[in-house]
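A.B. asks: Just passing along the structure, written as structure tokens.
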Amino acid sequence: MDAEQQVSALGAGVIKRATRLADGRELMYFDDADTMLSPERAVDARALDARPATATMRQDVLTGEWVSIAAARQNRAMMPPAELDPLAPQSPTNPSEVPSRYDVAVFENKSPSFGPELAEAIGTAPAAADAPRGLEDLAQLGLGRTRTSVGRCEVVCFSPEHAGSFGSQTPSRARTIIEAWADRTAALSALPGVEQVFVFENRGAAIGVTLPHPHGQIYSYPYITPRTTRLLESIERVGDDLFDRILEFEQAGPRVVLQGEHWTAFVPFAARWPIEIHMIPHRHVADFAETDEAQRAELSHLYLRLLRGVDAIYEDPTPYIAAWHAAPVNRARTSARLHLQLTSPRRGADKLKFLAGSEAAMGAWIGDVPPEAAAERIRAAIASVSV
């Protein structure tokens, strides 16, 4: 049986096919421009339990930060064998999350850190008990404050293959993923109560990844995250042109590792991690939804070169977090710019940087590798790869 689909055309010839899983969660297929797949998609015929209730946030009165307590995450898969990969297409012996063969697939996380506010939003999820009442409500400080963790967490499967990463994809597939990021950023930003959307990829066991399948995630928060709050404070102090000034400063220095017509990648002046690379678009965009054809086309090649270069630094793949920071949904849209911050704890072929007392407890960082030396090594590694 074929699943009912809502079909729409995106940029660069990518086709989006939206449907639902057996428990009501949204599932979206994004077909490559050069796809070999047929348009039909199978129905998810699994008998699934009802989704868990949306998690609860607790406020840390010492910092004002909110911590989502999502106990359902304890049940997620941990490094399953290939034949039981929950992100692979379903088979008679593998009742995975994706019913059909796909190019790129995006679906709502089964055990999310942030979930729906209303039961009708997802079909079977319980209604939120105490949803946030806006940023002013969340900014208040007090002992024992709780709110329901309203938002959404989505999984972005880069490929049906069991192993790999973004960097192992083709340029065509990279473009499909970028189109999916843009589409989902726009959709999630429009959800009631969402204040920030975050696209990211965790890669490698050293980072804590529980699945080797090539995938990333998108989190939608009901607040502005602590890291972005600090950024907004810096913009207020330095000026709305902060990112233009960063680009000018870095492009004139020795830490640029890769540059195109629309994007520049560099090791930042005050890098914290042994491998840390930032990538900024030359023209201001607040998030992926605001990127244009030229920016997306170039990024689909430059980003692959960057990631393959990071993997070429050592003889085996490098663990990393690729974090795409974007402007909040309702604030600083003309000053906070979309940008990548890629970080890795790898400080040698067989050495990792662990956050000890100064970094973990006090947030006072000590860099192990001079940023200029890191940039030189990363440039050489990028020069050794192709796309």
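Lettering and numbering for the structure tokens are positional, with chains as A, B, ... in the shown order, residues counted from 1 in each chain, and ligands counted from 1 in the shown order.
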Each residue of stretch 257-357 of chain A with at least one atom at most 12 Å from stretch 176-198 of chain A should appear once, together with its nearest atom pair and the corresponding distance in Å (one decimal); atoms considered: only C-alpha atoms; ordering: chain, then increasing residue number; output as JSON lines.

C.D. replies:
```
{"residue": "A:Val285", "atom": "CA", "partner": "A:Ala182", "partner_atom": "CA", "distance": 11.7}
{"residue": "A:Ala286", "atom": "CA", "partner": "A:Thr185", "partner_atom": "CA", "distance": 10.7}
{"residue": "A:Asp287", "atom": "CA", "partner": "A:Thr185", "partner_atom": "CA", "distance": 7.5}
{"residue": "A:Phe288", "atom": "CA", "partner": "A:Ala182", "partner_atom": "CA", "distance": 4.7}
{"residue": "A:Ala289", "atom": "CA", "partner": "A:Ala182", "partner_atom": "CA", "distance": 4.3}
{"residue": "A:Glu290", "atom": "CA", "partner": "A:Ala182", "partner_atom": "CA", "distance": 7.7}
{"residue": "A:Thr291", "atom": "CA", "partner": "A:Ala182", "partner_atom": "CA", "distance": 7.8}
{"residue": "A:Asp292", "atom": "CA", "partner": "A:Ala182", "partner_atom": "CA", "distance": 10.0}
{"residue": "A:Glu293", "atom": "CA", "partner": "A:Glu179", "partner_atom": "CA", "distance": 9.9}
{"residue": "A:Gln295", "atom": "CA", "partner": "A:Ile178", "partner_atom": "CA", "distance": 10.3}
{"residue": "A:Arg296", "atom": "CA", "partner": "A:Ile178", "partner_atom": "CA", "distance": 6.9}
{"residue": "A:Ala297", "atom": "CA", "partner": "A:Ile178", "partner_atom": "CA", "distance": 9.1}
{"residue": "A:Glu298", "atom": "CA", "partner": "A:Ile178", "partner_atom": "CA", "distance": 10.9}
{"residue": "A:Leu299", "atom": "CA", "partner": "A:Ile178", "partner_atom": "CA", "distance": 8.4}
{"residue": "A:Ser300", "atom": "CA", "partner": "A:Ile178", "partner_atom": "CA", "distance": 7.3}
{"residue": "A:His301", "atom": "CA", "partner": "A:Ile178", "partner_atom": "CA", "distance": 11.1}
{"residue": "A:Tyr303", "atom": "CA", "partner": "A:Ile178", "partner_atom": "CA", "distance": 10.4}
{"residue": "A:Leu304", "atom": "CA", "partner": "A:Ile178", "partner_atom": "CA", "distance": 11.7}
{"residue": "A:Ala322", "atom": "CA", "partner": "A:Phe198", "partner_atom": "CA", "distance": 10.8}
{"residue": "A:Ala323", "atom": "CA", "partner": "A:Phe198", "partner_atom": "CA", "distance": 7.7}
{"residue": "A:Trp324", "atom": "CA", "partner": "A:Phe198", "partner_atom": "CA", "distance": 6.5}
{"residue": "A:His325", "atom": "CA", "partner": "A:Phe198", "partner_atom": "CA", "distance": 6.4}
{"residue": "A:Ala326", "atom": "CA", "partner": "A:Phe198", "partner_atom": "CA", "distance": 6.8}
{"residue": "A:Ala327", "atom": "CA", "partner": "A:Gln196", "partner_atom": "CA", "distance": 7.3}
{"residue": "A:Pro328", "atom": "CA", "partner": "A:Gln196", "partner_atom": "CA", "distance": 4.6}
{"residue": "A:Val329", "atom": "CA", "partner": "A:Glu195", "partner_atom": "CA", "distance": 5.1}
{"residue": "A:Asn330", "atom": "CA", "partner": "A:Glu195", "partner_atom": "CA", "distance": 6.6}
{"residue": "A:Arg331", "atom": "CA", "partner": "A:Glu195", "partner_atom": "CA", "distance": 8.7}
{"residue": "A:Ala332", "atom": "CA", "partner": "A:Gln196", "partner_atom": "CA", "distance": 11.5}
{"residue": "A:Arg333", "atom": "CA", "partner": "A:Gln196", "partner_atom": "CA", "distance": 11.4}
{"residue": "A:Leu338", "atom": "CA", "partner": "A:Phe198", "partner_atom": "CA", "distance": 10.2}
{"residue": "A:His339", "atom": "CA", "partner": "A:Phe198", "partner_atom": "CA", "distance": 11.0}
{"residue": "A:Leu340", "atom": "CA", "partner": "A:Phe198", "partner_atom": "CA", "distance": 10.8}
{"residue": "A:Gln341", "atom": "CA", "partner": "A:Phe198", "partner_atom": "CA", "distance": 11.9}
```

A.B. asks: I want to know what sits within 12 Å of stretch 63-75 of chain A, based on only C-alpha atoms, with residues of the same chain fewer than 2 positions away left out; could you give that as number ranges by chain?

C.D. replies: A: 51-61, 77-78, 109-115, 132, 135, 137-151, 153, 210, 221-227, 229

A.B. asks: Check the smallest atom-to-atom distance from each of A:Ala3, A:Val156, A:Ile275, A:Leu27 to A:Gly309 using only C-alpha atoms, then report the winner.

C.D. replies: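 Looking only at the distances to A:Gly309, the closest residue turns out to be A:Ile275.
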
A.B. asks: Quick one: of A:Ala252, A:Ala163, A:Ile280, A:Ala383, who's nearest to A:Thr264, counting only C-alpha atoms?

C.D. replies: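 Of the candidates, the smallest distance to A:Thr264 is held by A:Ile280.
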
A.B. asks: Got a sec: who's within 12 Å of A:Lys353, counting only C-alpha atoms, leaving out chain neighbours fewer than 4 positions off, as a ChimeraX atom specification?

C.D. replies: /A:206-207,272-275,319,343-349,359-360,365-369

A.B. asks: Of the residues A:Gly260, A:Gly13, A:Pro116, A:Gly216, which is the one nearest to A:Ala131, using only C-alpha atoms?

C.D. replies: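 So, comparing all the options, the nearest one is A:Pro116.
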
A.B. asks: For atom CA of A:Pro81 and atom CA of A:Asn202, quote the distance in Å rounded to one decimal.

C.D. replies: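 Pair atom CA of A:Pro81 / atom CA of A:Asn202 returns 19.0 Å.
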
A.B. asks: Residues within 12 Å of stretch 165-171 of chain A, please, as number ranges by chain. Count only C-alpha atoms; anything in the same chain fewer than 3 positions from it doesn't count.

C.D. replies: A: 12, 32-34, 103-104, 156-162, 174-178, 200-204, 209, 211-217, 296-312, 317-322, 385-387

A.B. asks: Going by DSSP on the backbone, which residues of stretch 14-194 of chain A come out as strand (DSSP E)? List them as a VMD selection string.

C.D. replies: chain A and resid 15 to 20 26 to 31 56 to 59 66 to 69 104 to 108 146 to 148 152 to 157

A.B. asks: What lies within 6 Å of stretch 85-99 of chain A using only C-alpha atoms, ignoring chain neighbours under 2 positions off, as a list in words?

C.D. replies: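 Final neighbour list, sorted by chain and number: Ala42, Asp44, Pro80, Ala82, Glu83, Arg101 and Pro160 of chain A.
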